[in-house]
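Below: one structure, written as C-alpha cells.
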Amino acid sequence: MNLLAKRIYLFYFSLIAIIISIFILFIPGLPLGIDFTSGSTITYRWTDQNPTQDQISKSIKNAGFDKSIIQSMGNKEFFIRTTDVGSTGKDRIDAELLEVIGEAPVTLDMNTVGSSVADNTIRNSIIAVFVASLFVMLYIIYAFRNIEQSYLYAIAAILTLIHDVLVVMGLFILISIFIGSVVNSIFIVGILTVIGYSVNDTIVIFDRIRENLTVNKSMEFMNVVNQSVKESITRSLGTSITTSIVIMSMLLFGGQSLRDFLLVLLLGVIVGTYSSIFVASNLLLSWKYGIKK
C-alpha cells in the first residue's frame with residue numbers, strides 16, 4: 001500500500017486549509033483576551049458562601065463586562081481577569097456578586113493591565129514562537145547531519161510546523177464564535193505545546209526515514225519514505241488517540257479556566273498527527289521528484 005501515492009490531493013487540501021486559516025485570521029480575526037488588549041484583575045474571597053465559576057461569570061456579565069477569565073484558587077478564593085473596569089466598574093461587579101451569590105466578597109487584590117503591558121505580551125509571544133522554531137530547525141540540521149541535504153528535513157519540519165499553527169488558529173477562531181473562547185497568555189502556551197508535539201511526531205517519522213536510508217541504500221527514496229510512514233503510523237495514531245482521550249476528558253470535567261488551553265491542545269494533536277504523516281513526508285518527496293510524480 002502506497003500511503004503517499006495521491007500526495008498532490010493532500011497538498012491541495014493542506015493549501016486550501018492554510019489559505020482559509022489566513023483569511024480567518026484577518027476576518028473575523030483572533031478573539032483577543034485582556035492579556036493582549038489590557039484590562040483589570042481582581043482577587044476575591046468569600047467567607048461563608050462557596051460560589052461557582054458560573055455564578056461569578058454571570059455576575060460579571062450582568063455588570064457589563066462580557067470578556068472575563070475566572071480561575072479558582074481554592075479556599076473560596078477566585079482570580080478574575082476582565083476588561084478595564086474603570087472607576088465605577090468594580091462597584092457594579094461587587095453589587096452583582098452580592099445579588100447573585102448572597103454574600104459580598106472580600107477584595108484581596110486589584111490591578112489594571114495597561115496597553116503597554118499588553119503590547120509587551122504580544123511582542124514576547126511572537127519572540128517565543130520564533131525562538132522555538134529556530135531551535136527546532138538547528139536541532140534537526142544537527143541530528144540529520146549525516147544524511148544528504150539534511151537542511152531539507154529542517155525546512156520540511158518548519159513548514160509543517162507553520163501549517164499546524166495556522167490551521168489550529170483558524171479552527172480555534174471558528175470554534176470561538178460558538179463557545180466564546182478568547183486568545184490569552186495560556187493560548188500562547190498551548191501553541192508552543194502544539195509546536196513541540198508536532199515537531200516530535202515529525203521527527204519520529206524522519207528518524208525512521210533516516211534509519212531505513214542507512215539500511216536500504218539501494219531502495220528508491222520514495223519507497224523508503226512510504227515504508228517509513230507505514231512503520232510509524234501505528235505509533236503516531238496510537239499516541240494521538242490516547243492523548244486526545246485524556247484531553248477530551250479534561251475538557252468535559254476540567255472546568256472553565258483550562259478550556260481554551262485544552263481546546264488548542266486537542267486541535268494541535270489532531271492537526272499535528274495529520275501533518276506529520278501526510279505533509280512533512282510529502283514535502284521531502286516533492287523536493288526529490290516534484291509534486292506530480
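Residue names in the C-alpha cells use chain letters A, B, ... in the order shown, residue numbers from 1 in each chain, and ligand numbers from 1 in the order shown.
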
Check: Could you write out, as a PyMOL selection string, all the residues of stretch 66-149 of chain A that DSSP marks as strand (DSSP E)?
Finding: chain A and resi 68-74+77-82+106-113

Please produce an output containing N, CA and C atoms for each residue in the selection, written as an mmCIF file, in the first residue's frame.
```cif
data_model
loop_
_atom_site.group_PDB
_atom_site.id
_atom_site.type_symbol
_atom_site.label_atom_id
_atom_site.label_comp_id
_atom_site.auth_asym_id
_atom_site.auth_seq_id
_atom_site.Cartn_x
_atom_site.Cartn_y
_atom_site.Cartn_z
ATOM 1 N N SER A 68 -14.236 37.828 30.294
ATOM 2 C CA SER A 68 -13.611 37.633 31.596
ATOM 3 C C SER A 68 -13.050 36.217 31.691
ATOM 4 N N ILE A 69 -12.016 36.082 32.489
ATOM 5 C CA ILE A 69 -11.402 34.783 32.765
ATOM 6 C C ILE A 69 -11.439 34.600 34.272
ATOM 7 N N ILE A 70 -11.996 33.474 34.715
ATOM 8 C CA ILE A 70 -12.182 33.220 36.140
ATOM 9 C C ILE A 70 -11.423 31.953 36.511
ATOM 10 N N GLN A 71 -10.558 32.061 37.511
ATOM 11 C CA GLN A 71 -9.763 30.922 37.949
ATOM 12 C C GLN A 71 -9.949 30.720 39.446
ATOM 13 N N SER A 72 -10.286 29.487 39.821
ATOM 14 C CA SER A 72 -10.439 29.152 41.231
ATOM 15 C C SER A 72 -9.063 28.926 41.849
ATOM 16 N N MET A 73 -8.816 29.534 43.003
ATOM 17 C CA MET A 73 -7.541 29.401 43.696
ATOM 18 C C MET A 73 -7.670 28.569 44.969
ATOM 19 N N GLY A 74 -8.842 27.983 45.179
ATOM 20 C CA GLY A 74 -9.071 27.201 46.390
ATOM 21 C C GLY A 74 -9.402 28.087 47.576
ATOM 22 N N GLU A 77 -11.407 31.305 47.141
ATOM 23 C CA GLU A 77 -10.759 32.451 46.509
ATOM 24 C C GLU A 77 -10.799 32.294 44.991
ATOM 25 N N PHE A 78 -11.017 33.413 44.276
ATOM 26 C CA PHE A 78 -11.113 33.399 42.822
ATOM 27 C C PHE A 78 -10.317 34.561 42.250
ATOM 28 N N PHE A 79 -9.599 34.263 41.185
ATOM 29 C CA PHE A 79 -8.825 35.280 40.467
ATOM 30 C C PHE A 79 -9.565 35.592 39.171
ATOM 31 N N ILE A 80 -9.876 36.853 38.937
ATOM 32 C CA ILE A 80 -10.707 37.267 37.802
ATOM 33 C C ILE A 80 -9.920 38.242 36.937
ATOM 34 N N ARG A 81 -9.920 37.994 35.641
ATOM 35 C CA ARG A 81 -9.344 38.925 34.668
ATOM 36 C C ARG A 81 -10.456 39.369 33.724
ATOM 37 N N THR A 82 -10.613 40.642 33.559
ATOM 38 C CA THR A 82 -11.659 41.173 32.693
ATOM 39 C C THR A 82 -11.173 42.476 32.057
ATOM 40 N N VAL A 106 -14.703 39.603 49.843
ATOM 41 C CA VAL A 106 -13.583 40.427 50.306
ATOM 42 C C VAL A 106 -12.604 40.586 49.144
ATOM 43 N N THR A 107 -12.230 41.799 48.819
ATOM 44 C CA THR A 107 -11.282 42.061 47.739
ATOM 45 C C THR A 107 -9.856 41.946 48.287
ATOM 46 N N LEU A 108 -9.131 40.935 47.829
ATOM 47 C CA LEU A 108 -7.761 40.720 48.287
ATOM 48 C C LEU A 108 -6.752 41.522 47.482
ATOM 49 N N ASP A 109 -7.032 41.709 46.190
ATOM 50 C CA ASP A 109 -6.060 42.408 45.344
ATOM 51 C C ASP A 109 -6.776 42.887 44.085
ATOM 52 N N MET A 110 -6.312 43.998 43.529
ATOM 53 C CA MET A 110 -6.864 44.516 42.271
ATOM 54 C C MET A 110 -5.760 45.252 41.522
ATOM 55 N N ASN A 111 -5.626 44.945 40.239
ATOM 56 C CA ASN A 111 -4.621 45.590 39.391
ATOM 57 C C ASN A 111 -5.223 45.853 38.024
ATOM 58 N N THR A 112 -4.652 46.833 37.324
ATOM 59 C CA THR A 112 -5.060 47.149 35.955
ATOM 60 C C THR A 112 -3.877 46.959 35.024
ATOM 61 N N VAL A 113 -4.098 46.192 33.935
ATOM 62 C CA VAL A 113 -3.067 45.947 32.933
ATOM 63 C C VAL A 113 -3.219 46.983 31.839
#
```

Next item on the list: May I have the residues within 9 Å of A:Ala132 as a PyMOL selection string, using only C-alpha atoms and disregarding those fewer than 5 positions away in the same chain?
Entry: chain A and resi 127+137+192+195-196

Output C-alpha atoms for every residue in the selection just made, as a PDB file, in the first residue's frame.
```
ATOM      1  CA  ILE A 127       9.591  36.108  20.026  1.00  0.00           C
ATOM      2  CA  MET A 137      15.491  23.879  12.815  1.00  0.00           C
ATOM      3  CA  LEU A 192       4.080  26.339  21.984  1.00  0.00           C
ATOM      4  CA  ILE A 195       4.778  23.155  18.215  1.00  0.00           C
ATOM      5  CA  GLY A 196       6.580  20.688  20.454  1.00  0.00           C
TER       6      GLY A 196
END
```

Next item on the list: Find, counting only C-alpha atoms, the residue in A:Ile20, A:Val215, A:Leu25, A:Leu285 that gets nearest to A:Tyr153.
Entry: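 Smallest separation from A:Tyr153 among the options: A:Leu285.
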
Check: When you draw a straight line from atom CA of A:Val269 to atom CA of A:Val168, how long is it in Å?
Finding: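 For atom CA of A:Val269 relative to atom CA of A:Val168, the distance reads 9.6 Å.
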
Notebook entry, point to check: Leaving out A:Ser276 and any residue of its chain fewer than 5 positions from it, which residues lie within 12 Å of it when counting only C-alpha atoms, given as a VMD selection string?
Noted result: chain A and resid 153 156 to 161 163 to 164 195 197 to 206 228 to 229 232 to 233 236 to 237 240 268 to 271 281 to 284

Check: For A:Ile22, which of A:Val246, A:Leu134, A:Ile140, A:Leu171 is the closest residue, counting only C-alpha atoms?
Finding: A:Leu171
